[in-house]
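Source file target_30.cif; content: mmCIF, C-alpha atoms and all ligand atoms.
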data_entry
#
loop_
_atom_site.label_atom_id
_atom_site.label_comp_id
_atom_site.auth_asym_id
_atom_site.auth_seq_id
_atom_site.Cartn_x
_atom_site.Cartn_y
_atom_site.Cartn_z
CA MET A 1 -2.64 -3.28 -65.95
CA GLU A 2 -0.77 -6.05 -64.18
CA LEU A 3 -0.22 -5.74 -60.43
CA ARG A 4 3.34 -6.86 -59.77
CA GLU A 5 3.59 -6.23 -56.02
CA LYS A 6 0.74 -7.15 -53.65
CA LYS A 7 1.11 -4.21 -51.29
CA PRO A 8 -1.85 -2.59 -49.50
CA LEU A 9 -2.91 0.65 -51.13
CA CYS A 10 -3.92 2.29 -47.86
CA ASP A 11 -4.49 1.74 -44.09
CA ILE A 12 -7.94 2.46 -42.67
CA ASP A 13 -8.52 3.06 -38.95
CA VAL A 14 -11.97 1.67 -38.22
CA GLN A 15 -13.86 2.87 -35.16
CA SER A 16 -14.08 -0.64 -33.63
CA ASP A 17 -10.29 -0.73 -33.55
CA ILE A 18 -10.22 2.08 -31.04
CA SER A 19 -10.13 0.60 -27.58
CA PRO A 20 -12.13 2.08 -24.66
CA GLU A 21 -8.83 3.38 -23.20
CA ASP A 22 -8.13 5.24 -26.42
CA GLU A 23 -11.62 6.61 -26.53
CA ALA A 24 -11.01 8.01 -23.08
CA ILE A 25 -7.86 9.67 -24.38
CA LEU A 26 -9.64 11.05 -27.43
CA ALA A 27 -12.54 12.38 -25.39
CA PRO A 28 -12.13 15.91 -24.05
CA PRO A 29 -10.73 15.92 -20.50
CA ALA A 30 -13.55 15.72 -17.93
CA GLU A 31 -12.49 18.89 -16.15
CA GLN A 32 -12.40 20.73 -19.45
CA ALA A 33 -15.92 19.48 -20.15
CA GLY A 34 -17.08 20.85 -16.81
CA GLU A 35 -17.25 17.43 -15.10
CA PRO A 36 -15.44 16.43 -11.90
CA SER A 37 -12.32 14.37 -12.61
CA SER A 38 -12.42 10.65 -11.80
CA PRO A 39 -10.41 9.64 -8.74
CA GLN A 40 -9.31 6.47 -10.53
CA GLN A 41 -6.08 6.69 -12.49
CA PRO A 42 -5.34 4.10 -15.17
CA GLN A 43 -3.17 1.42 -13.66
CA LYS A 44 0.33 1.51 -15.08
CA ALA A 45 2.44 -1.52 -15.81
CA VAL A 46 5.48 -1.76 -13.63
CA GLU A 47 8.65 -2.28 -15.56
CA GLN A 48 11.12 -3.47 -12.99
CA TYR A 49 10.83 -4.59 -9.40
CA SER A 50 13.63 -5.31 -7.04
CA TYR A 51 13.82 -5.31 -3.25
CA LEU A 52 10.73 -3.20 -2.80
CA GLN A 53 7.49 -2.54 -4.53
CA ARG A 54 7.42 0.77 -6.34
CA ASP A 55 5.31 3.34 -4.62
CA GLN A 56 2.64 5.31 -6.40
CA SER A 57 4.54 8.59 -6.41
CA GLU A 58 7.08 6.89 -8.64
CA ASP A 59 4.37 5.97 -11.12
CA SER A 60 3.24 9.54 -11.54
CA PRO A 61 3.74 10.85 -15.05
CA SER A 62 5.94 13.69 -13.82
CA ASN A 63 8.36 11.15 -12.39
CA ASN A 64 8.35 8.90 -15.40
CA LYS A 65 11.60 10.03 -16.96
CA ALA A 66 11.35 7.43 -19.70
CA ALA A 67 8.05 8.83 -20.93
CA ILE A 68 8.33 10.09 -24.48
CA SER A 69 4.71 11.11 -24.65
CA SER A 70 4.36 14.12 -26.86
CA GLY A 71 0.61 14.57 -26.67
CA ARG A 72 -2.67 12.79 -26.25
CA HIS A 73 -2.30 10.74 -29.44
CA SER A 74 1.07 9.31 -28.46
CA SER A 75 -0.64 6.90 -26.05
CA LEU A 76 -3.19 5.71 -28.60
CA ALA A 77 -3.05 2.11 -29.72
CA THR A 78 -5.22 -0.54 -31.29
CA PRO A 79 -6.40 -3.45 -29.09
CA ALA A 80 -3.80 -5.69 -30.79
CA VAL A 81 -1.02 -3.30 -29.79
CA ARG A 82 -2.44 -3.03 -26.26
CA GLY A 83 -2.41 -6.85 -26.05
CA LEU A 84 1.24 -6.80 -27.05
CA LEU A 85 2.06 -4.11 -24.47
CA LYS A 86 0.42 -6.24 -21.82
CA GLU A 87 2.30 -9.34 -22.96
CA PHE A 88 5.66 -7.57 -22.68
CA GLY A 89 4.71 -5.67 -19.52
CA VAL A 90 5.43 -2.36 -21.22
CA ASN A 91 3.90 0.99 -20.29
CA ILE A 92 2.67 2.68 -23.47
CA VAL A 93 4.05 6.08 -22.43
CA GLU A 94 7.58 4.67 -22.57
CA VAL A 95 7.28 3.67 -26.22
CA LEU A 96 8.09 6.09 -29.01
CA GLY A 97 5.17 5.81 -31.43
CA THR A 98 6.09 6.04 -35.08
CA GLY A 99 2.53 5.82 -36.43
CA LYS A 100 0.22 8.64 -37.42
CA ASP A 101 0.17 11.40 -34.76
CA GLY A 102 2.71 9.42 -32.76
CA ARG A 103 0.53 6.31 -32.46
CA VAL A 104 2.27 3.27 -31.08
CA LEU A 105 2.49 0.44 -33.60
CA LYS A 106 3.24 -3.25 -33.09
CA GLU A 107 6.82 -2.86 -34.37
CA ASP A 108 7.38 0.02 -31.90
CA VAL A 109 6.49 -2.31 -29.04
CA HIS A 110 8.72 -5.09 -30.42
CA ASN A 111 11.61 -2.64 -30.84
CA PHE A 112 11.14 -1.28 -27.32
CA ALA A 113 10.99 -4.78 -25.75
CA ALA A 114 14.07 -5.89 -27.69
CA SER A 115 16.15 -2.87 -26.68
CA ARG A 116 15.00 -3.21 -23.05
CA ALA A 117 16.08 -6.87 -23.02
CA ILE A 118 19.49 -5.92 -24.44
CA GLU A 119 19.88 -3.13 -21.84
CA SER A 120 19.07 -5.37 -18.88
CA ALA A 121 21.40 -8.14 -20.13
CA LYS A 122 24.33 -5.73 -20.44
CA PRO A 123 26.96 -5.93 -17.70
CA PRO A 124 27.51 -2.68 -15.80
CA GLN A 125 29.42 -0.24 -18.02
CA ALA A 126 32.48 1.64 -17.00
CA THR A 127 31.61 5.20 -17.86
CA SER A 128 34.81 6.95 -16.93
CA THR A 129 38.24 6.29 -15.55
CA ARG A 130 40.23 9.00 -13.84
CA PRO A 131 43.09 9.30 -11.38
CA SER A 132 42.01 10.04 -7.83
CA SER A 133 42.21 13.67 -6.80
CA GLY A 134 42.50 12.71 -3.10
CA ALA A 135 45.54 11.97 -0.96
CA ASP A 136 46.10 8.56 -2.61
CA GLN A 137 47.55 9.86 -5.87
CA GLY A 138 48.28 6.33 -7.21
CA GLN A 139 44.60 5.34 -7.06
CA VAL A 140 42.57 4.92 -10.26
CA GLU A 141 38.79 5.29 -9.99
CA LYS A 142 36.21 3.97 -12.41
CA SER A 143 32.51 5.02 -12.58
CA ILE A 144 30.07 2.24 -13.37
CA THR A 145 26.38 2.68 -14.14
CA LEU A 146 23.96 0.77 -11.93
CA THR A 147 22.14 -2.29 -13.21
CA PRO A 148 18.33 -1.88 -13.46
CA ILE A 149 17.85 -3.77 -10.19
CA GLN A 150 20.55 -1.75 -8.42
CA ASN A 151 18.85 1.38 -9.67
CA GLN A 152 15.54 0.28 -8.21
CA MET A 153 17.26 -0.81 -4.97
CA PHE A 154 18.97 2.59 -4.78
CA LYS A 155 15.62 4.40 -4.88
CA THR A 156 13.61 2.09 -2.66
CA MET A 157 16.25 1.56 0.01
CA THR A 158 16.98 5.27 0.23
CA ARG A 159 13.26 5.82 0.79
CA SER A 160 12.99 2.97 3.29
CA LEU A 161 15.78 4.44 5.38
CA THR A 162 13.75 7.60 5.93
CA ILE A 163 11.65 5.37 8.23
CA PRO A 164 12.99 5.17 11.80
CA HIS A 165 14.02 1.52 12.17
CA PHE A 166 14.92 -0.32 15.33
CA LEU A 167 16.63 -3.69 15.55
CA TYR A 168 15.61 -6.50 17.89
CA ALA A 169 17.72 -9.67 17.86
CA ASP A 170 17.60 -13.00 19.63
CA GLU A 171 19.09 -16.49 19.51
CA ILE A 172 16.71 -19.34 18.73
CA ASP A 173 17.25 -23.00 19.60
CA VAL A 174 16.48 -24.91 16.40
CA THR A 175 17.64 -28.34 17.63
CA PRO A 176 14.15 -29.94 17.67
CA LEU A 177 13.31 -28.30 14.31
CA SER A 178 16.57 -29.60 12.76
CA THR A 179 15.71 -33.12 13.91
CA LEU A 180 12.11 -32.89 12.66
CA ARG A 181 13.19 -31.42 9.32
CA HIS A 182 15.80 -34.12 8.85
CA ARG A 183 13.24 -36.84 9.65
CA LEU A 184 10.59 -35.43 7.31
CA ASN A 185 13.07 -34.90 4.49
CA THR A 186 14.46 -38.41 4.85
CA GLN A 187 10.96 -39.86 4.66
CA SER A 188 9.73 -37.80 1.72
CA GLY A 189 12.99 -37.94 -0.23
CA LYS A 190 13.95 -35.02 -2.45
CA GLN A 191 10.44 -34.56 -3.79
CA HIS A 192 9.06 -32.27 -1.07
CA LYS A 193 12.14 -30.89 0.63
CA LEU A 194 11.42 -28.70 3.62
CA SER A 195 13.90 -26.01 4.62
CA PHE A 196 14.09 -24.00 7.86
CA LEU A 197 12.58 -21.10 5.96
CA HIS A 198 9.28 -22.89 5.29
CA PHE A 199 8.72 -23.49 9.01
CA ILE A 200 9.80 -19.94 9.85
CA ILE A 201 7.30 -18.46 7.35
CA LYS A 202 4.51 -20.46 8.99
CA ALA A 203 5.66 -19.43 12.47
CA VAL A 204 5.56 -15.75 11.45
CA SER A 205 2.04 -16.14 10.10
CA LEU A 206 0.84 -17.85 13.31
CA ALA A 207 2.36 -15.06 15.38
CA ILE A 208 0.65 -12.42 13.20
CA GLU A 209 -2.70 -13.97 14.19
CA ASP A 210 -1.95 -12.73 17.71
CA PHE A 211 -0.17 -9.53 16.58
CA PRO A 212 -2.03 -8.29 13.48
CA LEU A 213 -0.30 -4.92 13.82
CA LEU A 214 2.87 -6.49 12.41
CA ASN A 215 1.00 -7.23 9.17
CA ALA A 216 -0.22 -3.64 8.74
CA ARG A 217 1.08 -0.80 6.61
CA VAL A 218 1.41 2.88 7.38
CA GLU A 219 -0.45 5.41 5.33
CA ALA A 220 1.60 8.54 5.76
CA ALA A 221 0.02 11.90 6.46
CA SER A 222 -0.85 13.88 3.35
CA ASN A 223 -2.85 17.04 2.66
CA GLY A 224 -3.29 17.68 6.36
CA ASP A 225 -4.75 14.19 7.04
CA ALA A 226 -3.41 12.34 10.07
CA PRO A 227 -1.26 9.24 9.41
CA LYS A 228 -3.17 5.95 9.48
CA LEU A 229 -2.50 2.29 10.01
CA VAL A 230 -4.04 0.04 7.38
CA MET A 231 -4.70 -3.41 8.85
CA ARG A 232 -4.49 -6.34 6.42
CA GLU A 233 -6.25 -9.65 6.73
CA LYS A 234 -4.13 -11.79 4.41
CA HIS A 235 -0.61 -12.78 5.39
CA ASN A 236 1.41 -12.40 2.17
CA ILE A 237 4.91 -13.15 3.38
CA GLY A 238 7.77 -11.83 1.27
CA ILE A 239 10.95 -13.84 0.80
CA ALA A 240 14.18 -12.00 0.03
CA MET A 241 15.74 -14.01 -2.81
CA ASP A 242 19.23 -13.84 -4.13
CA THR A 243 18.77 -14.32 -7.90
CA PRO A 244 21.07 -14.05 -10.93
CA GLN A 245 19.53 -10.60 -11.63
CA GLY A 246 19.96 -9.41 -8.03
CA LEU A 247 17.78 -9.19 -4.97
CA LEU A 248 14.06 -9.86 -5.55
CA VAL A 249 11.25 -10.16 -3.01
CA PRO A 250 8.31 -12.25 -4.22
CA ASN A 251 5.71 -13.18 -1.64
CA VAL A 252 3.85 -16.31 -0.63
CA LYS A 253 0.19 -15.37 -0.63
CA HIS A 254 -2.34 -16.27 2.07
CA VAL A 255 0.11 -18.13 4.30
CA SER A 256 -2.44 -18.57 7.09
CA SER A 257 -4.45 -20.93 4.88
CA LYS A 258 -1.40 -22.91 3.72
CA SER A 259 0.28 -25.96 5.23
CA ILE A 260 4.08 -26.02 5.60
CA LEU A 261 4.22 -28.31 2.57
CA ASP A 262 2.09 -25.85 0.56
CA ILE A 263 4.53 -23.10 1.55
CA ALA A 264 7.49 -25.24 0.43
CA LEU A 265 5.85 -25.90 -2.95
CA GLU A 266 5.03 -22.22 -3.43
CA CYS A 267 8.59 -21.21 -2.48
CA SER A 268 10.06 -23.59 -5.04
CA ARG A 269 7.70 -22.23 -7.71
CA LEU A 270 8.81 -18.67 -6.88
CA GLN A 271 12.49 -19.67 -6.72
CA ALA A 272 12.31 -21.32 -10.15
CA LEU A 273 10.65 -18.24 -11.69
CA ALA A 274 13.10 -15.90 -9.95
CA LYS A 275 16.06 -17.90 -11.21
CA ASP A 276 14.84 -17.55 -14.79
CA GLY A 277 13.96 -13.86 -14.32
CA LYS A 278 10.31 -14.63 -15.02
CA LEU A 279 8.56 -13.58 -11.81
CA PRO A 280 5.27 -11.93 -12.74
CA VAL A 281 4.26 -8.64 -11.14
CA ALA A 282 1.52 -10.44 -9.17
CA ASP A 283 4.13 -12.45 -7.25
CA LEU A 284 6.19 -9.35 -6.54
CA THR A 285 3.41 -7.16 -5.22
CA GLY A 286 1.07 -7.23 -2.24
CA GLY A 287 3.59 -8.45 0.36
CA THR A 288 2.69 -7.64 3.97
CA ILE A 289 5.81 -8.68 5.96
CA THR A 290 9.16 -10.12 4.85
CA VAL A 291 11.60 -12.87 5.85
CA SER A 292 15.19 -12.56 4.66
CA ASN A 293 17.11 -15.81 5.14
CA ILE A 294 20.69 -14.65 4.70
CA GLY A 295 21.77 -17.73 6.69
CA SER A 296 21.34 -19.94 3.63
CA ILE A 297 24.43 -18.10 2.31
CA GLY A 298 26.20 -17.35 5.60
CA GLY A 299 26.35 -14.80 8.39
CA THR A 300 25.07 -14.88 11.94
CA TYR A 301 23.37 -11.49 12.15
CA VAL A 302 21.79 -9.13 9.66
CA ALA A 303 20.16 -5.74 10.15
CA PRO A 304 17.40 -5.95 7.52
CA VAL A 305 15.91 -2.83 5.97
CA LEU A 306 12.13 -2.51 5.85
CA VAL A 307 10.32 -3.26 2.64
CA GLN A 308 7.98 -0.54 1.48
CA LYS A 309 4.39 -0.76 2.77
CA GLU A 310 5.50 -3.11 5.57
CA VAL A 311 6.23 -2.46 9.23
CA ALA A 312 8.51 -5.40 10.06
CA ILE A 313 11.10 -7.68 8.50
CA LEU A 314 12.84 -10.72 9.92
CA GLY A 315 16.47 -11.49 9.09
CA VAL A 316 17.50 -15.11 9.67
CA GLY A 317 21.14 -16.00 10.35
CA LYS A 318 23.02 -19.21 9.67
CA ALA A 319 22.21 -22.22 11.87
CA ARG A 320 25.27 -23.35 13.82
CA THR A 321 26.02 -25.96 16.44
CA VAL A 322 27.18 -24.59 19.82
CA PRO A 323 27.88 -26.06 23.27
CA ALA A 324 25.19 -25.26 25.88
CA PHE A 325 24.17 -26.30 29.40
CA ASN A 326 21.05 -28.42 29.93
CA GLU A 327 18.86 -28.15 33.04
CA GLN A 328 21.13 -30.60 34.88
CA GLY A 329 24.16 -28.42 34.15
CA GLN A 330 25.65 -30.84 31.64
CA VAL A 331 27.23 -29.61 28.43
CA ILE A 332 25.16 -30.55 25.39
CA LYS A 333 25.15 -29.76 21.66
CA LYS A 334 22.58 -27.23 20.46
CA ASP A 335 21.70 -25.93 16.99
CA VAL A 336 21.03 -22.21 17.17
CA MET A 337 20.05 -19.49 14.73
CA ASN A 338 19.89 -15.72 15.20
CA PHE A 339 16.70 -13.90 14.36
CA SER A 340 17.09 -10.15 13.73
CA TRP A 341 13.92 -8.11 13.43
CA SER A 342 13.73 -4.57 12.06
CA ALA A 343 10.51 -2.67 12.72
CA ASP A 344 9.01 0.71 11.95
CA HIS A 345 9.45 2.57 15.22
CA ARG A 346 6.82 5.15 14.27
CA VAL A 347 4.10 2.56 14.93
CA ILE A 348 5.77 -0.47 16.57
CA ASP A 349 7.36 -0.16 20.00
CA GLY A 350 10.10 -2.42 21.32
CA ALA A 351 7.81 -4.28 23.72
CA THR A 352 5.31 -5.20 20.97
CA MET A 353 8.12 -6.38 18.74
CA ALA A 354 9.63 -8.43 21.57
CA ARG A 355 6.28 -10.09 22.35
CA MET A 356 5.65 -10.94 18.70
CA ALA A 357 9.23 -12.25 18.34
CA GLU A 358 8.72 -14.40 21.45
CA HIS A 359 5.69 -16.00 19.77
CA VAL A 360 7.72 -16.77 16.66
CA ARG A 361 10.49 -18.17 18.87
CA ALA A 362 8.00 -20.43 20.69
CA PHE A 363 6.70 -21.87 17.40
CA VAL A 364 10.16 -22.41 15.91
CA GLU A 365 11.68 -23.87 19.11
CA GLU A 366 8.73 -26.19 19.68
CA PRO A 367 7.42 -27.23 16.24
CA GLY A 368 4.73 -29.35 17.97
CA LEU A 369 3.13 -26.09 19.12
CA MET A 370 3.04 -24.96 15.51
CA MET A 371 1.40 -28.23 14.42
CA ALA A 372 -1.26 -27.77 17.11
CA ARG A 373 -2.27 -24.44 15.53
CA LEU A 374 -2.49 -25.77 11.96
CA ARG A 375 -5.97 -26.02 10.48
N1 LIG B 1 21.16 -21.79 8.27
C1 LIG B 1 21.76 -22.89 7.86
N2 LIG B 1 21.42 -23.56 6.75
C2 LIG B 1 20.40 -23.05 6.03
C3 LIG B 1 19.72 -21.90 6.40
C4 LIG B 1 20.12 -21.24 7.58
N3 LIG B 1 19.55 -20.15 8.00
N4 LIG B 1 18.77 -21.66 5.49
C5 LIG B 1 18.83 -22.61 4.58
N5 LIG B 1 19.82 -23.46 4.92
C6 LIG B 1 20.23 -24.62 4.17
C7 LIG B 1 19.06 -25.42 3.68
O1 LIG B 1 18.51 -26.23 4.68
C8 LIG B 1 19.69 -26.16 2.55
O2 LIG B 1 20.53 -27.20 3.05
P1 LIG B 1 20.20 -28.75 2.82
O3 LIG B 1 20.21 -28.93 1.35
O4 LIG B 1 21.29 -29.44 3.51
O5 LIG B 1 18.87 -28.98 3.43
C9 LIG B 1 20.61 -25.14 1.95
O6 LIG B 1 20.88 -24.21 2.99
C10 LIG B 1 20.05 -24.42 0.76
O7 LIG B 1 18.82 -23.86 1.09
P2 LIG B 1 18.00 -23.06 -0.01
O8 LIG B 1 18.68 -21.76 -0.26
O9 LIG B 1 17.78 -23.91 -1.16
O10 LIG B 1 16.56 -22.87 0.57
P3 LIG B 1 15.92 -21.87 1.60
O11 LIG B 1 14.49 -22.21 1.48
O12 LIG B 1 16.47 -21.98 2.94
O13 LIG B 1 16.21 -20.39 1.06
C11 LIG B 1 16.15 -18.53 -0.41
C12 LIG B 1 15.69 -19.95 -0.15
C13 LIG B 1 15.54 -18.10 -1.71
C14 LIG B 1 15.68 -17.61 0.69
C15 LIG B 1 17.68 -18.46 -0.46
O14 LIG B 1 18.13 -19.29 -1.49
C16 LIG B 1 18.21 -17.07 -0.66
O15 LIG B 1 18.15 -16.51 -1.77
N6 LIG B 1 18.77 -16.50 0.41
C17 LIG B 1 19.39 -15.17 0.36
C18 LIG B 1 18.44 -14.11 0.81
C19 LIG B 1 19.13 -12.78 0.81
O16 LIG B 1 19.89 -12.45 -0.07
N7 LIG B 1 18.84 -11.98 1.85
C20 LIG B 1 19.48 -10.72 2.02
C21 LIG B 1 18.51 -9.62 1.86
S1 LIG B 1 19.17 -8.10 2.36
O17 LIG B 1 20.14 -7.74 1.16
#

Using structure tokens, write down the structure that the file contains.
Amino acid sequence: MELREKKPLCDIDVQSDISPEDEAILAPPAEQAGEPSSPQQPQKAVEQYSYLQRDQSEDSPSNNKAAISSGRHSSLATPAVRGLLKEFGVNIVEVLGTGKDGRVLKEDVHNFAASRAIESAKPPQATSTRPSSGADQGQVEKSITLTPIQNQMFKTMTRSLTIPHFLYADEIDVTPLSTLRHRLNTQSGKQHKLSFLHFIIKAVSLAIEDFPLLNARVEAASNGDAPKLVMREKHNIGIAMDTPQGLLVPNVKHVSSKSILDIALECSRLQALAKDGKLPVADLTGGTITVSNIGSIGGTYVAPVLVQKEVAILGVGKARTVPAFNEQGQVIKKDVMNFSWSADHRVIDGATMARMAEHVRAFVEEPGLMMARLR
């Protein structure tokens, strides 16, 4: 007999193709087998980040509305498929498996990633248009679905505003910093351009050395436990970035061990990735305090909203030149910038915030002081 089509006769699942994760799924649940359950949950890939990091409650299966899991086998996959899931940053429970017993196949992952890309590229859709029922009878209203980043912002900001914030604002004299920045940028050309933000990030880190509380996070009370403060050694300073996809907050890791030039290079790496929508999860997680430089766009003041798992955020306004009096009473030109801090009033009081802000002010107003503290 002549074989006309070279098609496989059958598919065989060999044991070595079952990954350890799948074996765990196939094994009877520990509690069922009379063993205590492990405290460690499998880490889930995070699909979309925006202003804030997702909190763990959002990752719980009960909250995962996109989950199509229909049983234990629906989250089974070969190592090759798992590799693909990792590559696309896709959580297996979100993928509809079309294989045997609902197993996820390579083409399922490709289909999921393709439809997700199409969804996120879509402009917001008008879902309904109706005449207003209010007093303004001539008004026409249109409902628009939120973009993925707006959706995330909606959830995280709503949660953040359950934290009692207070605002502390001050005006900073950036005249010496403007001069220094101009001199350094003229000397180094466009290659290593330093912006106000790079100096401000360093100043915040130096101030944290004296006020480590501002780098902490709050662990809320649960199951009758008292709330706790979790102190953090590394200064991973978040930068609010206006990107084509919306607001993103990657962070510069380990700022205390970086020079101002290192910070500038890291910021431009993050900015380039953010612009292309390619920021990896690692750059978007682990932030400990945030700086939001709205002044690069405009605006004198901003009341920033806390980022999750952080207790303070600094909003930076636009630098502007104003007339001022010097010590001799003469009118001089000054470059000033407004710094607006928001802090978690459950654990930070106004006096602590003011003292920390005064440290930052001292470093920014007198960059020489900052240089003296560099290692
Ligand atoms: N005041 C005046 N000028 C400023 C400034 C400020 N506060 N901050 C930056 N600038 C200037 C820079 O010096 C630069 O000018 P030159 O080319 O003449 O030197 C210019 O503005 C552009 O700066 P930049 O934006 O490239 O760089 P940056 O490091 O200062 O800021 C970033 C980077 C990513 C923070 C910024 O681009 C951005 O996205 N800002 C918006 C943040 C935001 O949306 N916050 C709101 C969060 S709450 O919704």

Protein and nucleic residues near ligand LIG 1 (chain B), 6 Å, all atoms listed in the file, as a list in words
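I would give the residues around ligand LIG 1 (chain B) as Ser195, Phe196, Leu197, Ala240, Met241, Asp242, Ser292, Asn293, Ile294, Gly295, Ser296, Pro304, Val316, Gly317, Lys318 and Ala319 of chain A.
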
Using only C-alpha atoms for the distances, tell me which of A:Val140, A:Leu105, A:Ala207, A:Met157 is nearest to His359 (chain A).
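Smallest separation from His359 (chain A) among the options: A:Ala207.
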
For region 110-112 of chain A, please output as a list in words all residues within 10 Å (counting all atoms listed in the file; exclusion window: fewer than 6 positions along the same chain).
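Here the answer would be Val81, Leu84, Leu85, Phe88, Val90, Glu94, Val95, Leu96 and Ile118 of chain A.
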
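When all atoms listed in the file are used to measure the gap to Met353 (chain A), the shortest distance among A:Pro280, A:Pro148, A:Gly89, A:Pro212 belongs to A:Pro212.
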
Restricting the calculation to all atoms listed in the file, which member of A:Glu365, A:Asp225, A:Glu233, A:Glu171 is positioned closest to Phe199 (chain A)?
A:Glu365

What is the distance between CA of Val204 (chain A) and CA of Thr186 (chain A), in Å to one decimal?
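It comes out at 25.2 Å.
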
Nearest to Ser259 (chain A) among A:Arg183, A:Ile163, A:Met370, A:Ala77, with distances taken over all atoms listed in the file: which residue is it?
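Checking each candidate against Ser259 (chain A), we get A:Met370 as the closest.
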
d(CA of Gln150 (chain A), CA of Val249 (chain A)) in Å:
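Taking CA of Gln150 (chain A) as the start and CA of Val249 (chain A) as the end point, the length is 13.7 Å.
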
Using all atoms listed in the file, which protein or nucleic acid residues come within 9 Å of Val255 (chain A)? Drop anything in the same chain fewer than 5 positions from it, and give the result as a PDB file with C-alpha atoms, keeping the file's coordinate frame.
ATOM      1  CA  ILE A 201       7.300 -18.460   7.350  1.00  0.00           C
ATOM      2  CA  LYS A 202       4.510 -20.460   8.990  1.00  0.00           C
ATOM      3  CA  SER A 205       2.040 -16.140  10.100  1.00  0.00           C
ATOM      4  CA  LYS A 234      -4.130 -11.790   4.410  1.00  0.00           C
ATOM      5  CA  HIS A 235      -0.610 -12.780   5.390  1.00  0.00           C
ATOM      6  CA  ASN A 236       1.410 -12.400   2.170  1.00  0.00           C
ATOM      7  CA  ILE A 237       4.910 -13.150   3.380  1.00  0.00           C
ATOM      8  CA  ILE A 260       4.080 -26.020   5.600  1.00  0.00           C
ATOM      9  CA  ASP A 262       2.090 -25.850   0.560  1.00  0.00           C
ATOM     10  CA  ILE A 263       4.530 -23.100   1.550  1.00  0.00           C
TER      11      ILE A 263
END

Among listed residues A:Ala114, A:Val360, A:Val305, A:Ile348, nearest Leu229 (chain A) (using only C-alpha atoms):
A:Ile348

Within 12 Å of file point (8.5, 5.7, -35.9), counting only C-alpha atoms, expressed as a list in words
Ser74, Val95, Leu96, Gly97, Thr98, Gly99, Lys100, Asp101, Gly102, Arg103, Val104, Leu105, Lys106, Glu107, Asp108, Val109, Asn111 and Phe112 of chain A

What's the 9 Å shell around Arg82 (chain A), counting all atoms listed in the file, without same-chain residues fewer than 4 positions away, as a list in words?
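That gives Ser19, Ala77, Thr78, Lys86, Glu87, Ile92 and Lys106 of chain A.
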
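The space separating CA of Lys155 (chain A) from CA of Ala312 (chain A) comes to 19.2 Å.
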
Quick one: residues within 12 Å of Thr158 (chain A), all atoms listed in the file counted, chain neighbours fewer than 5 positions away excluded, as a list in words?
Tyr51, Leu52, Gln150, Asn151, Gln152, Met153, Ile163, Val305, Leu306, Val307 and Gln308 of chain A

Which of A:Val252, A:Val364, A:Leu167, A:Ala272 sits closest to Ile200 (chain A) [using all atoms listed in the file]:
A:Val364

Find the spatial neighbours of Asp344 (chain A), counting all atoms listed in the file, within a cut-off of 6 Å - ignore same-chain residues fewer than 4 positions away - and output them as number ranges by chain.
A: 164-165, 311, 348
